[in-house]
There are 4 protein chains.
Amino acid sequence: MRAARMYGYHQPWRLEEVPVPEIGADDVLVKVAATGICRSDFQLADGYFEDAVPQHFPITPGHEIAGHVARVGVAVPGAAGLSDGDMVVVDPSWGDGTCRQCHEGNEQLCTGDGGWVGFGPPGGFAEYLAVHYRHLIGIPASSGQRPEYFAPLTDAGLTTYRAMKKLQAAGKLGPGRAVAVSGIGGLGGYAVQYAKLLGGGATVVGFDRADDKLAVARDHGADYVINTRDKTAREVGDELAMRTGRDNVDAVLDCTGALESLQLGAALLAPEGALVQVGLMGTRVELPLFPFVGGERSYTGSFWGNYNDLTEVLALADAGMIKHSITTLRLDDINDGVDALGRGDVVGRQVVVFA
Amino acid sequence: MRAARMYGYHQPWRLEEVPVPEIGADDVLVKVAATGICRSDFQLADGYFEDAVPQHFPITPGHEIAGHVARVGVAVPGAAGLSDGDMVVVDPSWGDGTCRQCHEGNEQLCTGDGGWVGFGPPGGFAEYLAVHYRHLIGIPASSGQRPEYFAPLTDAGLTTYRAMKKLQAAGKLGPGRAVAVSGIGGLGGYAVQYAKLLGGGATVVGFDRADDKLAVARDHGADYVINTRDKTAREVGDELAMRTGRDNVDAVLDCTGALESLQLGAALLAPEGALVQVGLMGTRVELPLFPFVGGERSYTGSFWGNYNDLTEVLALADAGMIKHSITTLRLDDINDGVDALGRGDVVGRQVVVFA
Amino acid sequence: MRAARMYGYHQPWRLEEVPVPEIGADDVLVKVAATGICRSDFQLADGYFEDAVPQHFPITPGHEIAGHVARVGVAVPGAAGLSDGDMVVVDPSWGDGTCRQCHEGNEQLCTGDGGWVGFGPPGGFAEYLAVHYRHLIGIPASSGQRPEYFAPLTDAGLTTYRAMKKLQAAGKLGPGRAVAVSGIGGLGGYAVQYAKLLGGGATVVGFDRADDKLAVARDHGADYVINTRDKTAREVGDELAMRTGRDNVDAVLDCTGALESLQLGAALLAPEGALVQVGLMGTRVELPLFPFVGGERSYTGSFWGNYNDLTEVLALADAGMIKHSITTLRLDDINDGVDALGRGDVVGRQVVVFA
Amino acid sequence: MRAARMYGYHQPWRLEEVPVPEIGADDVLVKVAATGICRSDFQLADGYFEDAVPQHFPITPGHEIAGHVARVGVAVPGAAGLSDGDMVVVDPSWGDGTCRQCHEGNEQLCTGDGGWVGFGPPGGFAEYLAVHYRHLIGIPASSGQRPEYFAPLTDAGLTTYRAMKKLQAAGKLGPGRAVAVSGIGGLGGYAVQYAKLLGGGATVVGFDRADDKLAVARDHGADYVINTRDKTAREVGDELAMRTGRDNVDAVLDCTGALESLQLGAALLAPEGALVQVGLMGTRVELPLFPFVGGERSYTGSFWGNYNDLTEVLALADAGMIKHSITTLRLDDINDGVDALGRGDVVGRQVVVFA
C-alpha cells in the first residue's frame, strides 16, 4: 500500500510503498478514506514536538482519520458492532491503560506508555491502518455524511468541544450568561458553534483581530463580534457593554494561546468566571492575583478529547449540525498541503481523500 | 384597592376592597399588572394543601406575578436597580434565611418559617403587593414582552426549567443522548422546550396518552412523540427503537406524578440514566431494585425554582425563546378561571390582567 | 493446577486438576495467593444469578483475588510496572471497551460483552489465573499487609467505598452533616469505616436489628448506633434526635436492599437528602412522592466499583486504615466455606489461601 | 459603650464612648465577647485596601466576632432559634441580595452594594453590635468551647476551609492522592488540619521556608514537611519522591500569594492537578502554558467563605477538632495588638476579649 512517511524534521515526507499492516486479534484493519491535515502535522514536520514527543523515524503521520472496515480481528467482540465495509472514525488517543487518566477514560492524558495515532503508531496518511477495536467509532449506515466531513472533527472539532463542555459543566453557560471565544481560526470556528449548541441561550461573542475571521464567527452563529486589534481590555469591555449590556463575560474559551489574548480574556471575566484554554502558541500565562482570588475566577487547560467526547461530536456531525469548509486533495499532494498550512495559506480544513 | 380573598376551602373567593399595603424600608410596592392562575391555585381552593400548608384566613392568593414598581422603600439599595415604573417579576419563594437551604439560595426549600407569596403572604390577585427587594427581578426597559407573558413563567415555566437543569448538570443530556418528557400538560409543554434549549443536541421525545397533547410537544420542538396509552414499557421501548435507534433514554423528566408514568419512565432508563420528577398527582413511587442498583440509575425530585433559576427563565423569555398560549381575564372573573382549571377546561395559561 | 469448578446450580464445586492457563501477549499469569469467598459466590452456587448472568458450565468461580505475578506477557507495557513476584490485586470487572460506561472507566457497568472474573472468565479458586494487565493493581513491595488482607476488599470493601464516594461527591457529607449506614453485615461494616474516613467530620450512625451487629458498627467508628427492630420511622427519628440533636440525616447508605430498610432510610432523609443503595435482597423500592419532590430528595443505586475506586481502597488498606476480620481456609474446604455463608454462619470474611 | 474607632490610615485607633447601636426589626443586638485581630485589620489600618474598599471615617473595625444575644428584634423569626444570652458567631459577609452571587449564598462575593462587617458596617471592636439575624450562627448551649476559641475561625479558619472544600469537590483529594499546603502561617496552619479532615486519607505535605513553621504543620497533622528555601522545583520534587514515592501532588493550596510559591506549586502539580489560591501578597500569577493545557491543570482563586461554610467550620470547632493557639488581650490594648501583627511578632491568634 502507499503511505506518506516522515524520515526526519524539516524535510518532505516520502510517498512509499509499504506492506499492509498485520492486525492482531483485537484489531481492525481500516481502509482509510479520508485523513485531515492538521496544523499539528505541520508542527510535527517542523520539529515543534521534538522534545515533548520524540520519534523513531520513519513514521507515518496522520491522526484525523475516517475510513471503512476492511477486516475484523478474531477476538473483536460482537458488541463492537463492526463489519466489513462499515464506515468508522478513529479515536486518536491510544492510552496504555496503566494510569489513572486512562482508567477514567481520558486516554489523551495517559501518563503511561500510551501515544497518539500518527505520532508514533502508524497514522492515516496511508491506505490502510490497524486499530484496536476500542478506538473505533462506527458511523451509522444511514448517515448522509461522507468520510472527509468527519475526519477533521477528531482533532480541532474535538478539542474545542471538550473545552466548551468544561465551561458548561462548570455552570458558566446558560440563559443570561455570556461566553467569549477568543481567536476565530481553525479552532475558534468550531468553538463558536459549540457555544451556541451547548450554551443553552448564553450570549456568544467572538474576539479576533481580523475582520474576515470575525465574519466566520458571525456566520457560525456568534451573537456579536469584536475586533480586538490594538484595543485595551477596558475598550473591549466598553464595546461589550454597548452591545450586550454587560462589560464582562462569564466564560472565555481561548483558542489562541497567545499571552495578550489570555490577558484580555482574564481581564474581561466576571466574578466566578472561568477561562478555559486550548490554543498553544506562547509559553506562559499571566493572571492578575487579586481578581482571581477576590472573585474566585479560574483558569483551566483542556487537551484534545476522549472517546466519549468524540462520539458526541460525531452525533452532532451525523445530524449535520457542524459546519466547516473542506478542501480535498490526494495523497500525492500531501507535502503541498502541509507546506500551505505552515505558510498560513489555508482557508478551511484540508483533507486527503483516497480513491 | 381591589383583591380576591379566600375565606375557606371549597368556597368562591370574594372580591373586596382592602387597603393598599404599607411597605417596610426594604420593600417595594408593586402595582400588579398580570397574575397567572396556576393549577395550584385551584388545589389551594380545593383544600389540597390543607395539611401541608395550613392557612389563617382570609388570604389573598396569586403567586405568578408581574407588575410595575409603584414605590421603593427607603432602605432598598441602589444596586437593586429599581425605579418607579420599572417592570418587575416576583420571585415567589420567600424563605426566612435561617436554614441551610436559604443560605445556598434555595429559598423554595426553606425549612425555617419561610413561605411562598399567595400561600400566606398576600399574593397577586390584588392591585398592589408589597415585596422585599430581594424577591424582585427587573425586566429591561428594552423588552418587547408584556407582563402577562412573564407571569406564568414564575411557576410552571420555572419548575420545569430547574428540573431540566438538574438533568443537564447530571451529564445526562448532550449530543447522542436521549431525553423523554412524560406528560405534556401545563408543565410538559415547557419541559419539551427546555429539553431543546438545554439539551445540546439530545434527542427529545414526548410521551402522553392524548394525541392533542403530543401535537403540542411536537409543536414545541420534540423530535419524536409516542402515545403511551395502554402500552407496556416493552412496547413503548420498541417504538422508541424504531424511531430513534435505541430502546431506552438517558433521562426522563416526569411531569405527571402518576405511578404508571413513573414506572414507565423507570423502565425505559438506560444504565446510569436519571429520572427527575416534578408532577404531583399520586402519592408514591415504585422502582425496580435490581436495575437501579446494577445500572446505577437514579430518581430525584425537583421543586419549583430559586431566584437565579428564575432570572435564567426570564432571560430566555425576554429573548422570546419560550412559547406558551395565554388567555387573559379580569379580576372580576377569577372564580370562573379557577373553576375552569378544576374542570380541566383550560387550554394554555390563564392570566388575570389589571387595567 | 488445582481448581474448584462449578458444573451446575445447587451442587458442590469439584476440586479438579486443570491445565495452567495460557496467557496472551497482553496478559499476566497470576499465581493466586488468596481469594475471598463472597456472599455472591453462595448466590452463584444457589442459582440466584441464573437469569441475569447465564453460565456455560463448568466455570471456576472466585472474584476477590490477590496473588503474585508469575509471568508477564510480551506486550505488557513497562508502565504497568509489573515484574515476576510482585504482589497484585485483581480488578474484577472486565468490560469489553465497546460502550460509554467502559470508556468512562466504569467497566463494572459494561453493556457490551464484558463480564466479571469468576462469573464466566475463570476466577480465583484456582492456583493460577490469566489477567489482562489493565486489570491488575500492584501492591508496593514496602507493604506490610498480606494477600488475604487485600482479597475481600475487591468486592464488599469496594462496593461500599464507591457508594460512600457518591454521597461525598453529592455534597451530603462534611462537618455538621449526618449519615446513616443501614445494615451492619458484610457490607455495612466497611461502610461505617468509609463514613468516618470520607465524612469530613459528619456524624455517623449505624442502623441494624441486631445488637451484635451494632457493636461492630461502634467498633468501626460509628458515633451512634440504633437498633431499629420493631420501631417506626418516627421512633427511630426520636432516638436520633435524642442522641444527635436532629431527627433526620443528610445521607443514608442502605446495605440491605430490604424494602422496610429502604423505607426507613427514605423516611429519615432531611430535605435535599440522598439515599444510596448497594444491597440486593428485595426486588423493589417504594418511596413517598411528596417528600421526594417537595424536598428534592434522591435515590441512587451504586454497583461494585471501578479500577480507580479500587486503587483508592487499596491505598487505604496499604496504610492499614481498613479493619476487617479474616478467617482463612484451604481450597479443599471451599464447599464448607460456601455452605457456611449460605447458612449465615460466618463472622467476618472467609479467604481461601494457597500454599 | 466603648469602641475602637479608626479615623484614618496610618494612625492609632481611638478608644471612645459611643452609643449602643439601635437595632431594626430584623436585627439582633450582640454583646461582643471576643473579637479576633486579623492580619487584614493591620492591612486596613495600613491603607492596603484604600482603593479596593474605600471608607467613610470614622469606622469601627473588627470582623472575627463571637458574643451573646442581648436583644432580639421584633421581626426575627422563631426559626432563627435566638434567645437572650445565647452564644452566637457573626457571619462576616453581608451581601445586599441583589446579585447572582448573593442569591447562590456567596455573599462574600457580592457585586451589589454589600459589604463586610468591620470594613464599613460597625464591627466587633466594640461592646455591642447590631447584626441582621441572617448573619448569626448560634452555638449550642452544650458547647464546651469559649467565644475566643470561635472568633478567629470566621476569617482565617473559614477561608482555608472553603479553599480545601474546592479541592475536595474537584475530586483531587482522597486515598492515594497527595495535597500540598504551601505557606504555614496564619492560614496554612488551618489548611493542614482541613487537609487531614477532608482529605479522606490523602497524603498531606507542608511547604515553608522556615523550620519552625514546618514544625507547626507537622504538629497539625502533616504527613511530611519540606523546607523549600533556595530549592528549585526539581529539588523539591525529588524530596517529595523520596518521602512519598511520587514527585508531584494532585492538589496545592497556596496560602502565601507570593509569585515564587505559586510557581513552585504549579510546577509540582500532577496531570489534572488543581492549584487553589487564598493568600494575597504579590500581584500576579505566572503559569507555564504547555503543562496547563497538555495536562489539564487548573488554577482557581478562593475568597473567604459563606454562611454554610462557616456553620461547617463551627461544627468542627464545637467538636474540638480545630487546633489553634489563642492569645487574649483587652480592648485597651488593641493598638498594641494591631502593631504587633504589622511587625510580624505574633505567634498564634490574638483575640480581644470583653469582660
# chains A, B, ... in the order shown; residues from 1 in each chain; ligands from 1

call {"tool": "select_by_dssp", "arguments": {"residues": "region 55-302 of chain C", "states": "strand (DSSP E)", "output": "short mmCIF file (atom, residue, chain, number, x, y, z; two decimals) with C-alpha atoms, in the first residue's frame"}}
result
data_model
loop_
_atom_site.label_atom_id
_atom_site.label_comp_id
_atom_site.auth_asym_id
_atom_site.auth_seq_id
_atom_site.Cartn_x
_atom_site.Cartn_y
_atom_site.Cartn_z
CA GLU C 64 -11.86 -11.47 45.26
CA ILE C 65 -8.30 -12.23 44.26
CA ALA C 66 -4.79 -11.31 45.39
CA GLY C 67 -1.65 -13.06 44.25
CA HIS C 68 1.78 -12.66 42.71
CA VAL C 69 2.99 -12.16 39.18
CA ALA C 70 4.19 -15.49 37.74
CA ARG C 71 4.80 -14.44 34.13
CA VAL C 72 4.37 -11.22 32.16
CA MET C 87 2.11 -8.77 44.72
CA VAL C 88 -1.01 -7.84 42.72
CA VAL C 89 -4.73 -7.47 43.28
CA VAL C 90 -7.22 -8.26 40.52
CA SER C 93 -14.80 -6.04 36.28
CA TRP C 94 -13.65 -6.86 32.81
CA GLY C 115 -18.04 -9.77 32.27
CA TRP C 116 -16.67 -10.21 35.77
CA TYR C 128 -3.27 -19.67 38.57
CA LEU C 129 -5.19 -17.10 36.64
CA ALA C 130 -4.64 -15.14 33.42
CA VAL C 131 -5.41 -11.44 33.71
CA HIS C 132 -5.12 -8.63 31.17
CA LEU C 136 -4.08 -5.64 37.80
CA ILE C 137 -3.08 -3.28 40.56
CA GLY C 138 0.39 -3.68 42.01
CA ALA C 178 -25.24 13.25 59.48
CA VAL C 179 -25.02 9.97 57.59
CA ALA C 180 -26.65 6.66 58.45
CA VAL C 181 -25.42 3.23 57.40
CA SER C 182 -28.33 0.83 57.34
CA THR C 203 -21.90 12.29 62.43
CA VAL C 204 -22.07 8.58 61.59
CA VAL C 205 -24.99 6.48 62.77
CA GLY C 206 -25.38 2.71 62.36
CA PHE C 207 -28.80 1.06 61.98
CA ASP C 208 -29.37 -2.65 62.44
CA TYR C 224 -24.11 6.36 67.48
CA VAL C 225 -25.98 3.15 66.81
CA ILE C 226 -29.72 2.48 66.87
CA ASN C 227 -31.43 -0.88 67.00
CA VAL C 249 -29.93 12.59 58.34
CA ASP C 250 -28.47 14.09 55.17
CA ALA C 251 -27.41 10.77 53.73
CA VAL C 252 -28.25 7.10 54.00
CA LEU C 253 -26.22 4.23 52.65
CA ASP C 254 -28.53 1.24 52.57
CA LEU C 269 -33.86 11.83 54.98
CA ALA C 270 -33.55 15.57 55.53
CA PRO C 271 -34.57 17.93 52.71
CA GLU C 272 -32.06 17.55 49.85
CA GLY C 273 -31.03 14.26 51.44
CA ALA C 274 -29.63 11.38 49.39
CA LEU C 275 -30.26 7.68 49.74
CA VAL C 276 -27.70 5.45 48.07
CA GLN C 277 -28.37 1.76 47.77
CA ARG C 284 -38.39 -3.16 44.62
CA VAL C 285 -38.12 0.25 46.24
CA GLU C 286 -41.09 2.26 47.38
CA LEU C 287 -40.68 5.96 48.07
CA PRO C 288 -43.14 8.63 49.17
CA SER C 298 -32.85 11.49 45.73
CA TYR C 299 -32.45 7.75 45.45
CA THR C 300 -29.47 6.29 43.57
CA GLY C 301 -28.13 2.81 43.06
#

call {"tool": "interface_residues", "arguments": {"of": "chain A", "to": "chain C", "cutoff": "6 Å", "atoms": "only C-alpha atoms", "output": "list in words"}}
result
Ala79, Ala80, Gly97, Thr98, His103, Glu104, Gly105, Gly112, Asp113 and Arg134 of chain A

call {"tool": "residues_around", "arguments": {"residues": "Val352 (chain B)", "least_positions_apart": "4", "cutoff": "6 Å", "atoms": "only C-alpha atoms", "output": "PDB file with N, CA, C and O atoms, in the first residue's frame"}}
result
ATOM      1  N   ALA B  34     -50.201  41.657  35.966  1.00  0.00           N
ATOM      2  CA  ALA B  34     -50.671  40.371  35.450  1.00  0.00           C
ATOM      3  C   ALA B  34     -50.327  39.286  36.455  1.00  0.00           C
ATOM      4  O   ALA B  34     -49.198  39.225  36.945  1.00  0.00           O
ATOM      5  N   THR B  35     -51.310  38.446  36.772  1.00  0.00           N
ATOM      6  CA  THR B  35     -51.061  37.328  37.691  1.00  0.00           C
ATOM      7  C   THR B  35     -51.674  36.061  37.097  1.00  0.00           C
ATOM      8  O   THR B  35     -52.875  36.009  36.818  1.00  0.00           O
ATOM      9  N   THR B 328     -56.197  35.929  28.623  1.00  0.00           N
ATOM     10  CA  THR B 328     -56.310  36.920  29.696  1.00  0.00           C
ATOM     11  C   THR B 328     -57.752  37.006  30.186  1.00  0.00           C
ATOM     12  O   THR B 328     -58.700  36.757  29.437  1.00  0.00           O
ATOM     13  N   LEU B 329     -57.896  37.330  31.452  1.00  0.00           N
ATOM     14  CA  LEU B 329     -59.221  37.605  32.010  1.00  0.00           C
ATOM     15  C   LEU B 329     -59.088  38.711  33.043  1.00  0.00           C
ATOM     16  O   LEU B 329     -57.973  39.143  33.346  1.00  0.00           O
ATOM     17  N   ARG B 330     -60.200  39.189  33.554  1.00  0.00           N
ATOM     18  CA  ARG B 330     -60.183  40.283  34.523  1.00  0.00           C
ATOM     19  C   ARG B 330     -60.361  39.726  35.927  1.00  0.00           C
ATOM     20  O   ARG B 330     -60.901  38.644  36.118  1.00  0.00           O
ATOM     21  N   LEU B 331     -59.965  40.512  36.906  1.00  0.00           N
ATOM     22  CA  LEU B 331     -60.040  40.046  38.283  1.00  0.00           C
ATOM     23  C   LEU B 331     -61.468  39.639  38.650  1.00  0.00           C
ATOM     24  O   LEU B 331     -61.680  38.681  39.405  1.00  0.00           O
TER      25      LEU B 331
END

call {"tool": "residues_around", "arguments": {"residues": "region 157-171 of chain C", "least_positions_apart": "3", "cutoff": "6 Å", "atoms": "only C-alpha atoms", "output": "PDB file with all heavy atoms, in the first residue's frame"}}
result
ATOM      1  N   LEU C 153     -11.317  -6.961  49.807  1.00  0.00           N
ATOM      2  CA  LEU C 153     -11.570  -5.541  49.549  1.00  0.00           C
ATOM      3  C   LEU C 153     -11.974  -5.286  48.100  1.00  0.00           C
ATOM      4  O   LEU C 153     -12.397  -4.189  47.757  1.00  0.00           O
ATOM      5  CB  LEU C 153     -10.331  -4.716  49.904  1.00  0.00           C
ATOM      6  CG  LEU C 153      -9.975  -4.781  51.382  1.00  0.00           C
ATOM      7  CD1 LEU C 153      -8.668  -4.050  51.647  1.00  0.00           C
ATOM      8  CD2 LEU C 153     -11.095  -4.188  52.229  1.00  0.00           C
ATOM      9  N   THR C 154     -11.879  -6.290  47.260  1.00  0.00           N
ATOM     10  CA  THR C 154     -12.208  -6.092  45.841  1.00  0.00           C
ATOM     11  C   THR C 154     -13.703  -6.198  45.554  1.00  0.00           C
ATOM     12  O   THR C 154     -14.125  -5.962  44.433  1.00  0.00           O
ATOM     13  CB  THR C 154     -11.474  -7.119  44.960  1.00  0.00           C
ATOM     14  OG1 THR C 154     -11.908  -8.425  45.358  1.00  0.00           O
ATOM     15  CG2 THR C 154      -9.978  -7.010  45.139  1.00  0.00           C
ATOM     16  N   TYR C 190     -17.828  -2.211  56.448  1.00  0.00           N
ATOM     17  CA  TYR C 190     -16.922  -1.331  55.718  1.00  0.00           C
ATOM     18  C   TYR C 190     -17.512   0.069  55.587  1.00  0.00           C
ATOM     19  O   TYR C 190     -16.817   1.068  55.710  1.00  0.00           O
ATOM     20  CB  TYR C 190     -16.654  -1.869  54.310  1.00  0.00           C
ATOM     21  CG  TYR C 190     -15.887  -3.162  54.262  1.00  0.00           C
ATOM     22  CD1 TYR C 190     -16.483  -4.340  53.828  1.00  0.00           C
ATOM     23  CD2 TYR C 190     -14.550  -3.200  54.640  1.00  0.00           C
ATOM     24  CE1 TYR C 190     -15.774  -5.524  53.775  1.00  0.00           C
ATOM     25  CE2 TYR C 190     -13.828  -4.390  54.588  1.00  0.00           C
ATOM     26  CZ  TYR C 190     -14.444  -5.552  54.157  1.00  0.00           C
ATOM     27  OH  TYR C 190     -13.743  -6.716  54.107  1.00  0.00           O
ATOM     28  N   ALA C 191     -18.810   0.126  55.323  1.00  0.00           N
ATOM     29  CA  ALA C 191     -19.442   1.426  55.050  1.00  0.00           C
ATOM     30  C   ALA C 191     -19.263   2.390  56.215  1.00  0.00           C
ATOM     31  O   ALA C 191     -19.023   3.586  56.018  1.00  0.00           O
ATOM     32  CB  ALA C 191     -20.932   1.232  54.739  1.00  0.00           C
ATOM     33  N   SER C 302     -25.881   2.051  43.417  1.00  0.00           N
ATOM     34  CA  SER C 302     -24.430   2.048  43.203  1.00  0.00           C
ATOM     35  C   SER C 302     -24.001   0.603  43.069  1.00  0.00           C
ATOM     36  O   SER C 302     -24.467  -0.262  43.817  1.00  0.00           O
ATOM     37  CB  SER C 302     -23.728   2.728  44.390  1.00  0.00           C
ATOM     38  OG  SER C 302     -22.358   2.906  44.130  1.00  0.00           O
ATOM     39  N   TRP C 304     -20.855  -2.156  42.684  1.00  0.00           N
ATOM     40  CA  TRP C 304     -19.461  -2.605  42.745  1.00  0.00           C
ATOM     41  C   TRP C 304     -18.545  -1.380  42.676  1.00  0.00           C
ATOM     42  O   TRP C 304     -18.828  -0.383  43.335  1.00  0.00           O
ATOM     43  CB  TRP C 304     -19.197  -3.599  41.607  1.00  0.00           C
ATOM     44  CG  TRP C 304     -18.233  -4.698  41.980  1.00  0.00           C
ATOM     45  CD1 TRP C 304     -17.188  -4.617  42.864  1.00  0.00           C
ATOM     46  CD2 TRP C 304     -18.222  -6.049  41.490  1.00  0.00           C
ATOM     47  NE1 TRP C 304     -16.542  -5.831  42.939  1.00  0.00           N
ATOM     48  CE2 TRP C 304     -17.130  -6.708  42.116  1.00  0.00           C
ATOM     49  CE3 TRP C 304     -19.005  -6.744  40.579  1.00  0.00           C
ATOM     50  CZ2 TRP C 304     -16.816  -8.054  41.860  1.00  0.00           C
ATOM     51  CZ3 TRP C 304     -18.684  -8.077  40.315  1.00  0.00           C
ATOM     52  CH2 TRP C 304     -17.600  -8.737  40.948  1.00  0.00           C
ATOM     53  N   GLY C 305     -17.456  -1.429  41.884  1.00  0.00           N
ATOM     54  CA  GLY C 305     -16.573  -0.272  41.815  1.00  0.00           C
ATOM     55  C   GLY C 305     -15.656  -0.405  40.623  1.00  0.00           C
ATOM     56  O   GLY C 305     -15.519  -1.501  40.076  1.00  0.00           O
TER      57      GLY C 305
END

call {"tool": "closest_residue", "arguments": {"among": "A:Met1, A:Cys38, A:Met242, A:Leu109", "to": "Gly294 (chain D)", "atoms": "only C-alpha atoms"}}
result
A:Leu109

call {"tool": "closest_residue", "arguments": {"among": "C:Pro291, C:Gly201, C:Pro58, C:Gly8", "to": "Asp46 (chain C)", "atoms": "only C-alpha atoms"}}
result
C:Gly8

call {"tool": "select_by_dssp", "arguments": {"residues": "region 116-236 of chain A", "states": "helix (DSSP H, G or I)", "output": "JSON, numbers by chain"}}
result
{"A": [133, 134, 135, 147, 148, 149, 150, 151, 152, 153, 154, 156, 157, 158, 159, 160, 161, 162, 163, 164, 165, 166, 167, 168, 169, 188, 189, 190, 191, 192, 193, 194, 195, 196, 197, 198, 211, 212, 213, 214, 215, 216, 217, 218, 219, 233, 234, 235, 236]}

call {"tool": "write_last_selection", "arguments": {"atoms": "C-alpha atoms", "output": "PDB file, in the first residue's frame"}}
result
ATOM      1  CA  TYR A 133     -11.354  -2.007  18.261  1.00  0.00           C
ATOM      2  CA  ARG A 134     -11.543   0.121  21.412  1.00  0.00           C
ATOM      3  CA  HIS A 135     -10.501   3.114  19.303  1.00  0.00           C
ATOM      4  CA  PRO A 147     -15.735  10.433   5.413  1.00  0.00           C
ATOM      5  CA  GLU A 148     -13.984  13.728   4.610  1.00  0.00           C
ATOM      6  CA  TYR A 149     -16.667  15.556   6.577  1.00  0.00           C
ATOM      7  CA  PHE A 150     -15.901  13.533   9.706  1.00  0.00           C
ATOM      8  CA  ALA A 151     -12.099  13.379   9.563  1.00  0.00           C
ATOM      9  CA  PRO A 152     -11.195  16.872  10.831  1.00  0.00           C
ATOM     10  CA  LEU A 153     -13.621  16.554  13.707  1.00  0.00           C
ATOM     11  CA  THR A 154     -11.273  14.174  15.515  1.00  0.00           C
ATOM     12  CA  ALA A 156      -9.838  20.616  16.061  1.00  0.00           C
ATOM     13  CA  GLY A 157     -13.531  19.788  16.246  1.00  0.00           C
ATOM     14  CA  LEU A 158     -12.973  17.583  19.278  1.00  0.00           C
ATOM     15  CA  THR A 159     -10.616  19.789  21.264  1.00  0.00           C
ATOM     16  CA  THR A 160     -12.973  22.732  21.231  1.00  0.00           C
ATOM     17  CA  TYR A 161     -15.951  20.529  22.067  1.00  0.00           C
ATOM     18  CA  ARG A 162     -14.295  19.168  25.200  1.00  0.00           C
ATOM     19  CA  ALA A 163     -13.278  22.661  26.255  1.00  0.00           C
ATOM     20  CA  MET A 164     -16.783  24.045  25.804  1.00  0.00           C
ATOM     21  CA  LYS A 165     -18.165  21.099  27.794  1.00  0.00           C
ATOM     22  CA  LYS A 166     -15.855  22.066  30.650  1.00  0.00           C
ATOM     23  CA  LEU A 167     -17.378  25.541  30.676  1.00  0.00           C
ATOM     24  CA  GLN A 168     -20.862  24.064  30.567  1.00  0.00           C
ATOM     25  CA  ALA A 169     -20.109  21.571  33.351  1.00  0.00           C
ATOM     26  CA  GLY A 188     -12.435  29.046  17.144  1.00  0.00           C
ATOM     27  CA  GLY A 189     -14.723  28.397  14.194  1.00  0.00           C
ATOM     28  CA  TYR A 190     -15.858  25.217  15.895  1.00  0.00           C
ATOM     29  CA  ALA A 191     -15.879  26.774  19.351  1.00  0.00           C
ATOM     30  CA  VAL A 192     -18.436  29.382  18.336  1.00  0.00           C
ATOM     31  CA  GLN A 193     -20.753  26.664  17.050  1.00  0.00           C
ATOM     32  CA  TYR A 194     -20.428  24.660  20.285  1.00  0.00           C
ATOM     33  CA  ALA A 195     -21.086  27.813  22.300  1.00  0.00           C
ATOM     34  CA  LYS A 196     -24.441  28.025  20.553  1.00  0.00           C
ATOM     35  CA  LEU A 197     -25.171  24.289  20.724  1.00  0.00           C
ATOM     36  CA  LEU A 198     -24.217  23.819  24.382  1.00  0.00           C
ATOM     37  CA  ASP A 211     -12.432  41.117  10.285  1.00  0.00           C
ATOM     38  CA  ASP A 212     -12.584  38.147   7.920  1.00  0.00           C
ATOM     39  CA  LYS A 213     -12.220  35.804  10.879  1.00  0.00           C
ATOM     40  CA  LEU A 214     -14.970  37.685  12.686  1.00  0.00           C
ATOM     41  CA  ALA A 215     -17.186  37.220   9.659  1.00  0.00           C
ATOM     42  CA  VAL A 216     -16.698  33.465  10.081  1.00  0.00           C
ATOM     43  CA  ALA A 217     -17.679  33.748  13.757  1.00  0.00           C
ATOM     44  CA  ARG A 218     -20.820  35.557  12.810  1.00  0.00           C
ATOM     45  CA  ASP A 219     -21.584  33.029  10.100  1.00  0.00           C
ATOM     46  CA  ALA A 233      -9.289  45.427  27.844  1.00  0.00           C
ATOM     47  CA  ARG A 234     -11.227  48.468  29.017  1.00  0.00           C
ATOM     48  CA  GLU A 235     -12.051  49.414  25.450  1.00  0.00           C
ATOM     49  CA  VAL A 236     -13.151  45.918  24.588  1.00  0.00           C
TER      50      VAL A 236
END

call {"tool": "atom_distance", "arguments": {"atom1": "CA of Ile322 (chain A)", "atom2": "CA of Asp155 (chain A)"}}
result
13.8 Å

call {"tool": "closest_residue", "arguments": {"among": "B:Ala4, B:Lys231, B:Gly183, B:Phe354", "to": "Leu262 (chain B)", "atoms": "only C-alpha atoms"}}
result
B:Gly183
